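Read the structure below first, then the notes.
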Amino acid sequence: MTTKTKQNSDIFRGFMRPDSSHPKSLQEDDTVSASEVSFSLSDSSSGSSGRSSRISGMSTSSLFSLPLAHAGFQGARHLHPQRLPSAKKERTVSLRILDTDEETLMNIQVLRHSLKRLDMNSIHLTVLTSDMIANLTKLEKLDLSFNELADDSFPDNLKELESLIELKLNSNELTKVPIDLRRLKHLSRLNLGWNRLDNIKSLEKVKRLHCLVIDNNNITSVIKEIVNHKRLEILQCNANQIREIPREIRMLKNLKDIDISNNQITGLPPELFQLPKLEALNASCNQIQRIPSLNIKGRVKRRIETVDLSENLLTKFPEHLLLMVDRVDLSGNRIKTIPANVIKKMEWRTEQSLDISDNPLSSPPADVCDSGLRAIIQYFKEDHTRLKAYQGLKILVMGTQGSGKTSLVQSLVDQQPRLTDTHERTVGMECFDMQVEINEEDCDPKPVLYTFWDMSGHPFYITTHYTFLEQPFLAMLTFNMVEYNAKEFYSTFGAWLDWLIAKSNKLSLLVVGTHMDKLKPSKVVGICKEVHSNITSFLAEHRENITKEVNKIAERPQISPSMTDQMKKNRELLKLRVTFHERVIPTSSADMRGVSEVQKAIESMTESRECFPNILRTIPSLWLDVEGYAEDRGNEMQYPVMTWQKFEDEVTEKFGMKHLIVSIATYLHEIGKLMWFSSDPLLREFIFLRPSWIIDLIRAPFRHDLQESVDFSNDDYHRQTGVPQFKFDRFKRELLQEGILDREFLKCLWLNCIDIESAQEVNDAILLLMDKLELAYPIRKNGKEGQWMNPDYPETSPEKEKDKANNKDKDKDNKDKDKTKSPAKPFVVHRLIVPIYRQIPEHEHFQEEWEMMEDHHRVAVMFKFPHYMPPGLFERITVRAHKPKFNLNFLRHWSNGIYARHNDKAVRLLCVMGRDTTAHVHSQNENELPIDAGSSGKGSDVRNSKASVGFESGRNAEIRLEARFEEACDEEKVAQLWQVLLPLIQDVEALLQQSLGLRVERYTQCPSCRQMAFLGEWLTPKEFQTADLKTCDFCQKSVSTKYLVQPKEKKSAQELMKLMRLAGRFGPKKKMPLRMFKTPPSVGNIKSSSDTGQGENNNIANGNVAALVPAEVT
């Protein structure tokens, strides 16, 4: 490999060369004296050519009494001995000698004040004496190559060459690195090639090296010895005895050129290919069998120029290299096939080159491959119709932190041992692809793509990951067998099972034990059997508990509407479908034991058509074309997000078949090529063309290690935003301590995700976090107490637009006035509150302020989760409650509570989350209520807990909503409390509908004893609305139903007039569409709770007047 070097023109301004045409010129290897050759050198001080010149105080005759071949001068005007006079004073800076006689050494000392380069190569030198280099303090380059120097051939004064930059010691007899090299503080280029070195430990302290050449030695280890050489750019260590390249190579962040060819290397770490400045890699002539899989996210910004992997033992085509390297050499390996999907990715990058000659290729044929990359691309284009593709599978890999998930995934994908270090633990989520061939009877092997989603096991991510639990997928649950403790079953297994079941009420599970190499075989077998038995019992108990609840309700002599609704929901929960692999598979990523069994288990589970009906189906060529188009569009876009409408229009315009767009998008989502959350009412209007992008966008501000990983001083990228360090540190502190996220800090974190110079992209990304993912809400830049949490939403905000759309009844004059108005500025968010980070305690004055309204009329409801509450549910409720449609002014927000005032009504609202700390003592009435399910300070802790901290806090959790009047008033006004509370209750219900496997109990507070004594009837209010009083089973008092359920509202004359006008637009016997706005179709079926009496009330509260009008009006 060619090593790039630069000549310093300032040092070598002149260079005397041998000239055969001149009879008196010096030829290399000639030994002559001044009497034999005469040079006429001008003296720059006098300008006379007839005088004998002086060069740095040395006469011409003295200079040329040296046996030399070359002499270089600084300040000379001409390179020929017969030079013209120079205006500058000439100094000798470069010298090559041909012997080491005493006179030669003496004359070198004469040049010591100016000499910068000394060449002593090929003179059979056995010892470098102190006289040879004495006082050469200006010397920058010393060439001692092609001599016979040994380990003891160097003088002590070598360390005095304090200006030395380059040293050549190649082709000598060295067996170890001279120890005095560590004293050369400016040494940056060192050549130790062609010696007999077996280690380079003495180089550990030579930390200024830029170029290191150690080829053709007997060295077995390199990287660990030079890991602290942060400035190293060129490393040439070919033809040694190196067996591995350790992952510590990631520390050499300035490395550009590395040659490790002709060694005994069997594998390469992914960190090698991820070096930020790598330009060329030569790893040819080794024993490399596989190239590590890399998570390539979109089109890489900086590409590697050359990667040479020729003459190795590769059997699998390293497809990801084509996405990041311009010239790839894979010749002389054992590759048999090139996957077609790889070549499709090359269509936008045809200027690349690929050498795959001398491989036993069967597809494409060898003659096609020998013609180059363009011929391969053309082959697949022409043979496109013959190729078949089959639907693959998405596999979510989860488990507690440190359970070996990443090592297992990478060992599976690379088919070689992979052990990850602590610093490599997954942050958020990473995706890896694995191409396999599944053999079926009487069929050719079917190529299938498995997409592994490696999910971090840190509890911090449970909230953000819940959104991604979109079926269908196979859940691979890992655990560390060395740390296994049966007493911690729930935190290791049960919590993950509850998390998965709560989302979809469906589960396909494969459990894998890791670290089996550290246990005895008998111990491994025992643990696997015990884990399988315990999980089976856990799932059976889950079903048994639901069955008991159904039977208890069915045995009641009288069943209320709410209990009927609850029984229907429980019967739906009993439809839970669980596919659990027949055994727990033990593995070791250190020696690959059990890894192949995991792959076989995955293949066997994918054959279940009940769980994965679409796996292995043949994909139409049109769908593959759309897949390629979507992937290219995602790679091209800095902000790879489309609205559903735009995606539909683009695909239809290019490919047609509009009626298939939903099916195609669903297929692409199932295999992980894009994200379309069709069952989420907020996210289904968007298509995320590059899944890794949305993962990175969320991961940047939501990291469990943000305190350590986000550091201004260690990352130059943060400086590009123009934010000074003191502000950066303040923003970071505010986020971690108060949950306040500044726009400028977000731009620092999103530098690699979006174009931070585009205000529109930054706004869109922030609104995505706020309105769609519901992870934050906006606040003011500053403001007074009680005001800073509530920004002024503009009239053009999405929430305001919805309110205006639902209240369109303006006369013509007002419409004309609206047309003359200039468009309002877009809503720009400067600061946000992120509830997940909001860990501050309850305000010291809150209880005092809240208790001042203790005797005022109130309405309180509770959502109780007897088994499990999804992490992040409370945080999403707080984000929703902040939206303008609820008309609330936030006063306080602490870790597990919010306190707000209604803007139009004299009502205060409290929303708190806690956990029931009492055992359920059931009463004898049909409702079977606990003695106390959430009264303040009695039986539950609603002030000092946090649901999103981890799994455990999701058990027996409660969310309490309460509205109180600020001042004492008549009981007739209680309906105003429901007007404030009911819209928020309905939003909570909408959130709960997105978790199909969730068990929820609903309660309403008795206004007399303040116990949660009544079942929540707001979903089925008709029975309570027709009764005036109900008896509390705790205090035995009759209480007004005004406190227990929303009053039945009567349509006002104004509302009826609106309905009549709306119906009149369509004329007699014309159908009026119920859907007033176009939304993308939903593939998922979101089942709502039964509604026997509240439909009109809900729709009026939501402003959905259209839903109240019959589909056909006469």
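By convention here, the chains of the structure tokens are called A, B, ... in the order presented, each chain's residues are numbered starting at 1, and ligands are numbered starting at 1 in the order presented.
Here the DSSP assignment of alpha helix (DSSP H), based on backbone atoms, applies within range 981-1032 of chain A to Leu981, Leu982, Pro983, Leu984, Ile985, Gln986, Asp987, Val988, Glu989, Ala990, Leu991, Leu992, Lys1022, Glu1023, Phe1024 and Gln1025 of chain A.
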Serialized selection, C-alpha atoms, as a PDB file, in the first residue's frame:
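As a result, out_33.pdb now contains:
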```
ATOM      1  CA  LEU A 981     -63.071  16.715  34.326  1.00  0.00           C
ATOM      2  CA  LEU A 982     -64.925  14.675  31.713  1.00  0.00           C
ATOM      3  CA  PRO A 983     -62.918  15.742  28.598  1.00  0.00           C
ATOM      4  CA  LEU A 984     -59.713  14.705  30.333  1.00  0.00           C
ATOM      5  CA  ILE A 985     -61.279  11.409  31.471  1.00  0.00           C
ATOM      6  CA  GLN A 986     -62.241  10.696  27.865  1.00  0.00           C
ATOM      7  CA  ASP A 987     -58.674  11.330  26.721  1.00  0.00           C
ATOM      8  CA  VAL A 988     -57.408   8.900  29.332  1.00  0.00           C
ATOM      9  CA  GLU A 989     -59.888   6.332  28.033  1.00  0.00           C
ATOM     10  CA  ALA A 990     -58.568   6.890  24.512  1.00  0.00           C
ATOM     11  CA  LEU A 991     -55.053   6.187  25.755  1.00  0.00           C
ATOM     12  CA  LEU A 992     -56.177   3.016  27.506  1.00  0.00           C
ATOM     13  CA  LYS A1022     -77.552   6.096  31.798  1.00  0.00           C
ATOM     14  CA  GLU A1023     -78.547   4.208  34.966  1.00  0.00           C
ATOM     15  CA  PHE A1024     -77.013   6.778  37.325  1.00  0.00           C
ATOM     16  CA  GLN A1025     -78.307   9.685  35.236  1.00  0.00           C
TER      17      GLN A1025
END
```
For the contact check between range 576-631 of chain A and range 402-423 of chain A, emit one row per residue of range 576-631 of chain A within 10 Å, containing the shortest atom pair and the distance in Å rounded to one decimal, counting only C-alpha atoms, chain then rising number order, as JSON lines.
```
{"residue": "A:Thr587", "atom": "CA", "partner": "A:Leu408", "partner_atom": "CA", "distance": 8.2}
{"residue": "A:Ser588", "atom": "CA", "partner": "A:Leu408", "partner_atom": "CA", "distance": 7.9}
{"residue": "A:Ser589", "atom": "CA", "partner": "A:Pro417", "partner_atom": "CA", "distance": 5.4}
{"residue": "A:Ala590", "atom": "CA", "partner": "A:Pro417", "partner_atom": "CA", "distance": 5.3}
{"residue": "A:Asp591", "atom": "CA", "partner": "A:Pro417", "partner_atom": "CA", "distance": 5.9}
{"residue": "A:Met592", "atom": "CA", "partner": "A:Pro417", "partner_atom": "CA", "distance": 5.8}
{"residue": "A:Arg593", "atom": "CA", "partner": "A:Pro417", "partner_atom": "CA", "distance": 9.4}
{"residue": "A:Val595", "atom": "CA", "partner": "A:Leu412", "partner_atom": "CA", "distance": 6.4}
{"residue": "A:Ser596", "atom": "CA", "partner": "A:Leu412", "partner_atom": "CA", "distance": 7.8}
{"residue": "A:Val598", "atom": "CA", "partner": "A:Leu412", "partner_atom": "CA", "distance": 8.3}
{"residue": "A:Gln599", "atom": "CA", "partner": "A:Leu412", "partner_atom": "CA", "distance": 7.5}
```
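The gap separating CA of Glu631 in chain A from CA of Ala389 in chain A is 16.3 Å, in Å to one decimal.
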Nearest-residue call for Pro1007 in chain A, choices A:Cys237, A:Ala765, A:Cys1035, A:Ile740, using only C-alpha atoms: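 Ranking A:Cys237, A:Ala765, A:Cys1035, A:Ile740 by distance to Pro1007 in chain A, first place goes to A:Cys1035.
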Correct to one decimal, the distance CA of Thr666 in chain A-CA of Cys443 in chain A is 27.1 Å
Env of Gly428 in chain A: 10 Å cut, atoms = only C-alpha atoms, seq-sep filter 5 positions within chain, self excluded. Answer as a PDB file with N, CA, C and O atoms, in the first residue's frame.
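Printed below is part38.pdb as written:
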```pdb
ATOM      1  N   ASP A 454     -32.504  -4.552  18.845  1.00  0.00           N
ATOM      2  CA  ASP A 454     -31.814  -4.730  20.119  1.00  0.00           C
ATOM      3  C   ASP A 454     -32.221  -3.582  21.048  1.00  0.00           C
ATOM      4  O   ASP A 454     -31.785  -2.445  20.878  1.00  0.00           O
ATOM      5  N   MET A 455     -33.054  -3.882  22.040  1.00  0.00           N
ATOM      6  CA  MET A 455     -33.623  -2.864  22.922  1.00  0.00           C
ATOM      7  C   MET A 455     -32.863  -2.821  24.241  1.00  0.00           C
ATOM      8  O   MET A 455     -32.652  -3.856  24.873  1.00  0.00           O
ATOM      9  N   SER A 456     -32.467  -1.623  24.632  1.00  0.00           N
ATOM     10  CA  SER A 456     -31.738  -1.468  25.892  1.00  0.00           C
ATOM     11  C   SER A 456     -32.592  -1.963  27.055  1.00  0.00           C
ATOM     12  O   SER A 456     -33.801  -1.753  27.099  1.00  0.00           O
ATOM     13  N   GLY A 457     -31.936  -2.618  28.010  1.00  0.00           N
ATOM     14  CA  GLY A 457     -32.651  -3.127  29.168  1.00  0.00           C
ATOM     15  C   GLY A 457     -32.760  -2.148  30.314  1.00  0.00           C
ATOM     16  O   GLY A 457     -33.340  -2.470  31.352  1.00  0.00           O
ATOM     17  N   HIS A 458     -32.227  -0.934  30.131  1.00  0.00           N
ATOM     18  CA  HIS A 458     -32.321   0.045  31.217  1.00  0.00           C
ATOM     19  C   HIS A 458     -33.773   0.484  31.393  1.00  0.00           C
ATOM     20  O   HIS A 458     -34.465   0.764  30.408  1.00  0.00           O
ATOM     21  N   PHE A 460     -35.106   3.160  32.045  1.00  0.00           N
ATOM     22  CA  PHE A 460     -35.418   4.488  31.533  1.00  0.00           C
ATOM     23  C   PHE A 460     -36.131   4.426  30.186  1.00  0.00           C
ATOM     24  O   PHE A 460     -36.955   5.283  29.869  1.00  0.00           O
ATOM     25  N   TYR A 461     -35.837   3.404  29.384  1.00  0.00           N
ATOM     26  CA  TYR A 461     -36.346   3.351  28.014  1.00  0.00           C
ATOM     27  C   TYR A 461     -37.694   2.632  27.888  1.00  0.00           C
ATOM     28  O   TYR A 461     -38.240   2.562  26.791  1.00  0.00           O
ATOM     29  N   ILE A 462     -38.203   2.102  28.981  1.00  0.00           N
ATOM     30  CA  ILE A 462     -39.446   1.353  28.893  1.00  0.00           C
ATOM     31  C   ILE A 462     -40.580   2.227  28.365  1.00  0.00           C
ATOM     32  O   ILE A 462     -41.435   1.779  27.596  1.00  0.00           O
ATOM     33  N   THR A 464     -40.394   5.024  26.290  1.00  0.00           N
ATOM     34  CA  THR A 464     -40.274   5.361  24.870  1.00  0.00           C
ATOM     35  C   THR A 464     -40.402   4.130  23.980  1.00  0.00           C
ATOM     36  O   THR A 464     -40.889   4.232  22.853  1.00  0.00           O
ATOM     37  N   HIS A 465     -39.996   2.966  24.467  1.00  0.00           N
ATOM     38  CA  HIS A 465     -40.062   1.756  23.644  1.00  0.00           C
ATOM     39  C   HIS A 465     -41.475   1.206  23.518  1.00  0.00           C
ATOM     40  O   HIS A 465     -41.746   0.416  22.603  1.00  0.00           O
ATOM     41  N   ILE A 695     -35.596   6.536  15.721  1.00  0.00           N
ATOM     42  CA  ILE A 695     -34.944   5.993  16.914  1.00  0.00           C
ATOM     43  C   ILE A 695     -33.861   6.946  17.404  1.00  0.00           C
ATOM     44  O   ILE A 695     -33.748   7.240  18.595  1.00  0.00           O
ATOM     45  N   ASP A 696     -33.041   7.462  16.468  1.00  0.00           N
ATOM     46  CA  ASP A 696     -31.986   8.406  16.840  1.00  0.00           C
ATOM     47  C   ASP A 696     -32.561   9.717  17.354  1.00  0.00           C
ATOM     48  O   ASP A 696     -32.015  10.330  18.279  1.00  0.00           O
ATOM     49  N   ILE A 698     -35.309  10.228  18.977  1.00  0.00           N
ATOM     50  CA  ILE A 698     -35.770  10.053  20.355  1.00  0.00           C
ATOM     51  C   ILE A 698     -34.593   9.805  21.290  1.00  0.00           C
ATOM     52  O   ILE A 698     -34.544  10.332  22.405  1.00  0.00           O
ATOM     53  N   ARG A 699     -33.631   9.026  20.829  1.00  0.00           N
ATOM     54  CA  ARG A 699     -32.516   8.641  21.692  1.00  0.00           C
ATOM     55  C   ARG A 699     -31.637   9.839  22.061  1.00  0.00           C
ATOM     56  O   ARG A 699     -31.073   9.875  23.165  1.00  0.00           O
ATOM     57  N   ALA A 700     -31.519  10.826  21.178  1.00  0.00           N
ATOM     58  CA  ALA A 700     -30.621  11.951  21.441  1.00  0.00           C
ATOM     59  C   ALA A 700     -30.956  12.668  22.748  1.00  0.00           C
ATOM     60  O   ALA A 700     -30.071  12.856  23.588  1.00  0.00           O
ATOM     61  N   PHE A 702     -33.275  11.513  25.038  1.00  0.00           N
ATOM     62  CA  PHE A 702     -33.749  10.562  26.043  1.00  0.00           C
ATOM     63  C   PHE A 702     -32.714   9.458  26.214  1.00  0.00           C
ATOM     64  O   PHE A 702     -32.792   8.417  25.576  1.00  0.00           O
ATOM     65  N   ARG A 703     -31.746   9.710  27.066  1.00  0.00           N
ATOM     66  CA  ARG A 703     -30.668   8.762  27.339  1.00  0.00           C
ATOM     67  C   ARG A 703     -30.561   8.557  28.846  1.00  0.00           C
ATOM     68  O   ARG A 703     -30.618   9.512  29.624  1.00  0.00           O
ATOM     69  N   HIS A 704     -30.354   7.306  29.233  1.00  0.00           N
ATOM     70  CA  HIS A 704     -30.162   7.046  30.657  1.00  0.00           C
ATOM     71  C   HIS A 704     -28.815   7.558  31.142  1.00  0.00           C
ATOM     72  O   HIS A 704     -28.639   7.823  32.330  1.00  0.00           O
TER      73      HIS A 704
END
```
Any idea what's packed within 9 Å of Ser188 in chain A, counting only C-alpha atoms, ignoring anything in its chain fewer than 5 positions away? Could you give it as an MDAnalysis selection string? chainID A and resid 164:167 206:212 231:232
Just-selected residues, N, CA and C atoms written as a PDB file, in the first residue's frame:
```
ATOM      1  N   LEU A 164      13.922  16.281  16.735  1.00  0.00           N
ATOM      2  CA  LEU A 164      13.750  15.216  15.759  1.00  0.00           C
ATOM      3  C   LEU A 164      12.270  14.922  15.526  1.00  0.00           C
ATOM      4  N   ILE A 165      11.871  14.936  14.252  1.00  0.00           N
ATOM      5  CA  ILE A 165      10.489  14.678  13.855  1.00  0.00           C
ATOM      6  C   ILE A 165      10.352  13.305  13.203  1.00  0.00           C
ATOM      7  N   GLU A 166      11.331  12.939  12.360  1.00  0.00           N
ATOM      8  CA  GLU A 166      11.246  11.682  11.616  1.00  0.00           C
ATOM      9  C   GLU A 166      12.495  10.855  11.848  1.00  0.00           C
ATOM     10  N   LEU A 167      12.299   9.547  12.115  1.00  0.00           N
ATOM     11  CA  LEU A 167      13.399   8.630  12.352  1.00  0.00           C
ATOM     12  C   LEU A 167      13.152   7.345  11.582  1.00  0.00           C
ATOM     13  N   VAL A 206       5.489   7.182  23.451  1.00  0.00           N
ATOM     14  CA  VAL A 206       5.797   8.058  22.305  1.00  0.00           C
ATOM     15  C   VAL A 206       4.452   8.463  21.699  1.00  0.00           C
ATOM     16  N   LYS A 207       3.829   9.464  22.264  1.00  0.00           N
ATOM     17  CA  LYS A 207       2.419   9.731  21.992  1.00  0.00           C
ATOM     18  C   LYS A 207       2.175  10.774  20.906  1.00  0.00           C
ATOM     19  N   ARG A 208       3.233  11.272  20.279  1.00  0.00           N
ATOM     20  CA  ARG A 208       3.027  12.286  19.244  1.00  0.00           C
ATOM     21  C   ARG A 208       3.138  11.708  17.833  1.00  0.00           C
ATOM     22  N   LEU A 209       3.169  10.388  17.737  1.00  0.00           N
ATOM     23  CA  LEU A 209       3.341   9.764  16.435  1.00  0.00           C
ATOM     24  C   LEU A 209       2.140  10.023  15.527  1.00  0.00           C
ATOM     25  N   HIS A 210       2.444  10.406  14.277  1.00  0.00           N
ATOM     26  CA  HIS A 210       1.441  10.542  13.223  1.00  0.00           C
ATOM     27  C   HIS A 210       1.518   9.380  12.245  1.00  0.00           C
ATOM     28  N   CYS A 211       2.725   8.851  12.060  1.00  0.00           N
ATOM     29  CA  CYS A 211       2.948   7.770  11.104  1.00  0.00           C
ATOM     30  C   CYS A 211       3.842   6.723  11.749  1.00  0.00           C
ATOM     31  N   LEU A 212       3.387   5.467  11.735  1.00  0.00           N
ATOM     32  CA  LEU A 212       4.154   4.376  12.314  1.00  0.00           C
ATOM     33  C   LEU A 212       4.210   3.223  11.319  1.00  0.00           C
ATOM     34  N   ARG A 231      -2.980  10.892  17.969  1.00  0.00           N
ATOM     35  CA  ARG A 231      -2.691  11.626  16.738  1.00  0.00           C
ATOM     36  C   ARG A 231      -2.308  10.721  15.570  1.00  0.00           C
ATOM     37  N   LEU A 232      -2.246   9.435  15.788  1.00  0.00           N
ATOM     38  CA  LEU A 232      -1.785   8.522  14.755  1.00  0.00           C
ATOM     39  C   LEU A 232      -2.721   8.547  13.547  1.00  0.00           C
TER      40      LEU A 232
END
```
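By chain and then residue number, the residues within 12 Å of Ser608 in chain A are Leu474, Ser508, Val578, Thr579, Phe580, His581, Ala601, Ile602, Glu603, Pro613, Asn614, Ile615 and Leu616 of chain A, counting only C-alpha atoms and disregarding those fewer than 5 positions away in sequence.
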Saved selection, atoms kept: all heavy atoms, as an mmCIF file, in the first residue's frame:
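This went into out_16.cif:
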```cif
data_model
loop_
_atom_site.group_PDB
_atom_site.id
_atom_site.type_symbol
_atom_site.label_atom_id
_atom_site.label_comp_id
_atom_site.auth_asym_id
_atom_site.auth_seq_id
_atom_site.Cartn_x
_atom_site.Cartn_y
_atom_site.Cartn_z
ATOM 1 N N LEU A 474 -41.585 -11.270 16.991
ATOM 2 C CA LEU A 474 -41.177 -12.333 17.899
ATOM 3 C C LEU A 474 -40.374 -11.688 19.021
ATOM 4 O O LEU A 474 -39.421 -10.952 18.764
ATOM 5 C CB LEU A 474 -40.330 -13.371 17.161
ATOM 6 C CG LEU A 474 -39.655 -14.443 18.036
ATOM 7 C CD1 LEU A 474 -40.703 -15.313 18.723
ATOM 8 C CD2 LEU A 474 -38.709 -15.307 17.203
ATOM 9 N N SER A 508 -45.579 -13.881 21.261
ATOM 10 C CA SER A 508 -44.777 -14.978 20.710
ATOM 11 C C SER A 508 -43.408 -14.863 21.361
ATOM 12 O O SER A 508 -42.704 -13.880 21.157
ATOM 13 C CB SER A 508 -44.666 -14.871 19.188
ATOM 14 O OG SER A 508 -45.943 -14.957 18.594
ATOM 15 N N VAL A 578 -50.724 -16.853 23.310
ATOM 16 C CA VAL A 578 -49.313 -16.964 23.687
ATOM 17 C C VAL A 578 -48.701 -18.162 22.976
ATOM 18 O O VAL A 578 -49.231 -19.276 23.056
ATOM 19 C CB VAL A 578 -49.137 -17.113 25.209
ATOM 20 C CG1 VAL A 578 -47.667 -17.324 25.550
ATOM 21 C CG2 VAL A 578 -49.675 -15.888 25.940
ATOM 22 N N THR A 579 -47.603 -17.903 22.274
ATOM 23 C CA THR A 579 -46.807 -18.984 21.687
ATOM 24 C C THR A 579 -45.458 -18.967 22.381
ATOM 25 O O THR A 579 -44.676 -18.013 22.223
ATOM 26 C CB THR A 579 -46.635 -18.787 20.169
ATOM 27 O OG1 THR A 579 -47.924 -18.714 19.554
ATOM 28 C CG2 THR A 579 -45.850 -19.937 19.571
ATOM 29 N N PHE A 580 -45.206 -19.974 23.160
ATOM 30 C CA PHE A 580 -43.994 -20.056 23.984
ATOM 31 C C PHE A 580 -43.172 -21.243 23.522
ATOM 32 O O PHE A 580 -43.660 -22.370 23.494
ATOM 33 C CB PHE A 580 -44.400 -20.193 25.456
ATOM 34 C CG PHE A 580 -43.246 -20.170 26.425
ATOM 35 C CD1 PHE A 580 -42.025 -19.587 26.096
ATOM 36 C CD2 PHE A 580 -43.383 -20.749 27.682
ATOM 37 C CE1 PHE A 580 -40.981 -19.582 27.002
ATOM 38 C CE2 PHE A 580 -42.343 -20.748 28.584
ATOM 39 C CZ PHE A 580 -41.136 -20.161 28.244
ATOM 40 N N HIS A 581 -41.910 -20.968 23.142
ATOM 41 C CA HIS A 581 -41.063 -22.056 22.650
ATOM 42 C C HIS A 581 -40.923 -23.142 23.696
ATOM 43 O O HIS A 581 -40.921 -22.881 24.903
ATOM 44 C CB HIS A 581 -39.688 -21.516 22.248
ATOM 45 C CG HIS A 581 -38.862 -22.494 21.485
ATOM 46 N ND1 HIS A 581 -37.891 -23.276 22.070
ATOM 47 C CD2 HIS A 581 -38.878 -22.838 20.177
ATOM 48 C CE1 HIS A 581 -37.333 -24.045 21.150
ATOM 49 N NE2 HIS A 581 -37.914 -23.809 19.992
ATOM 50 N N ALA A 601 -34.548 -22.261 16.462
ATOM 51 C CA ALA A 601 -35.791 -22.001 17.186
ATOM 52 C C ALA A 601 -36.577 -20.871 16.532
ATOM 53 O O ALA A 601 -37.803 -20.926 16.431
ATOM 54 C CB ALA A 601 -35.476 -21.662 18.645
ATOM 55 N N ILE A 602 -35.863 -19.840 16.074
ATOM 56 C CA ILE A 602 -36.528 -18.733 15.381
ATOM 57 C C ILE A 602 -37.196 -19.244 14.107
ATOM 58 O O ILE A 602 -38.350 -18.921 13.812
ATOM 59 C CB ILE A 602 -35.522 -17.614 15.065
ATOM 60 C CG1 ILE A 602 -34.997 -16.978 16.353
ATOM 61 C CG2 ILE A 602 -36.165 -16.550 14.172
ATOM 62 C CD1 ILE A 602 -33.887 -15.972 16.133
ATOM 63 N N GLU A 603 -36.480 -20.080 13.367
ATOM 64 C CA GLU A 603 -37.038 -20.609 12.118
ATOM 65 C C GLU A 603 -38.268 -21.475 12.386
ATOM 66 O O GLU A 603 -39.260 -21.410 11.652
ATOM 67 C CB GLU A 603 -35.964 -21.413 11.389
ATOM 68 C CG GLU A 603 -34.803 -20.553 10.871
ATOM 69 C CD GLU A 603 -33.712 -21.396 10.232
ATOM 70 O OE1 GLU A 603 -33.911 -22.625 10.123
ATOM 71 O OE2 GLU A 603 -32.670 -20.836 9.846
ATOM 72 N N PRO A 613 -48.909 -15.126 10.070
ATOM 73 C CA PRO A 613 -49.552 -15.642 8.847
ATOM 74 C C PRO A 613 -48.895 -15.172 7.561
ATOM 75 O O PRO A 613 -49.062 -15.815 6.520
ATOM 76 C CB PRO A 613 -50.982 -15.094 8.967
ATOM 77 C CG PRO A 613 -50.869 -13.908 9.878
ATOM 78 C CD PRO A 613 -49.790 -14.239 10.836
ATOM 79 N N ASN A 614 -48.155 -14.084 7.617
ATOM 80 C CA ASN A 614 -47.585 -13.527 6.391
ATOM 81 C C ASN A 614 -46.126 -13.898 6.161
ATOM 82 O O ASN A 614 -45.570 -13.569 5.114
ATOM 83 C CB ASN A 614 -47.716 -12.004 6.395
ATOM 84 C CG ASN A 614 -49.163 -11.556 6.363
ATOM 85 O OD1 ASN A 614 -50.006 -12.213 5.763
ATOM 86 N ND2 ASN A 614 -49.453 -10.447 7.023
ATOM 87 N N ILE A 615 -45.503 -14.550 7.139
ATOM 88 C CA ILE A 615 -44.093 -14.902 6.988
ATOM 89 C C ILE A 615 -43.934 -15.925 5.864
ATOM 90 O O ILE A 615 -44.738 -16.838 5.711
ATOM 91 C CB ILE A 615 -43.529 -15.459 8.306
ATOM 92 C CG1 ILE A 615 -43.718 -14.434 9.424
ATOM 93 C CG2 ILE A 615 -42.059 -15.806 8.166
ATOM 94 C CD1 ILE A 615 -43.075 -13.113 9.182
ATOM 95 N N LEU A 616 -42.891 -15.739 5.070
ATOM 96 C CA LEU A 616 -42.517 -16.624 3.964
ATOM 97 C C LEU A 616 -43.460 -16.528 2.764
ATOM 98 O O LEU A 616 -43.319 -17.296 1.813
ATOM 99 C CB LEU A 616 -42.420 -18.087 4.418
ATOM 100 C CG LEU A 616 -41.331 -18.399 5.457
ATOM 101 C CD1 LEU A 616 -41.370 -19.871 5.840
ATOM 102 C CD2 LEU A 616 -39.961 -18.026 4.937
#
```
Would you give me, as a PyMOL selection string, the residues in range 551-708 of chain A that DSSP reads as strand (DSSP E or B)? chain A and resi 577-580+585-586+618+641-643+675+686-688
Residue among A:Asn262, A:Lys747, A:Val710, A:Gln352 lying closest to Lys732 in chain A, counting only C-alpha atoms: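 That would be A:Val710, the residue with the smallest distance to Lys732 in chain A.
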So that I can see what lies close to Leu105 in chain A, please list as a list in words the residues with an atom at most 10 Å from it, counting only C-alpha atoms and leaving out residues fewer than 4 positions away in the same chain.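 So, after excluding close chain neighbours, the residues are Leu66, Ile97, Asp99, Thr100, Asp101, Gln109, Val110, Asp131, Met132, Ile133 and Ala134 of chain A.
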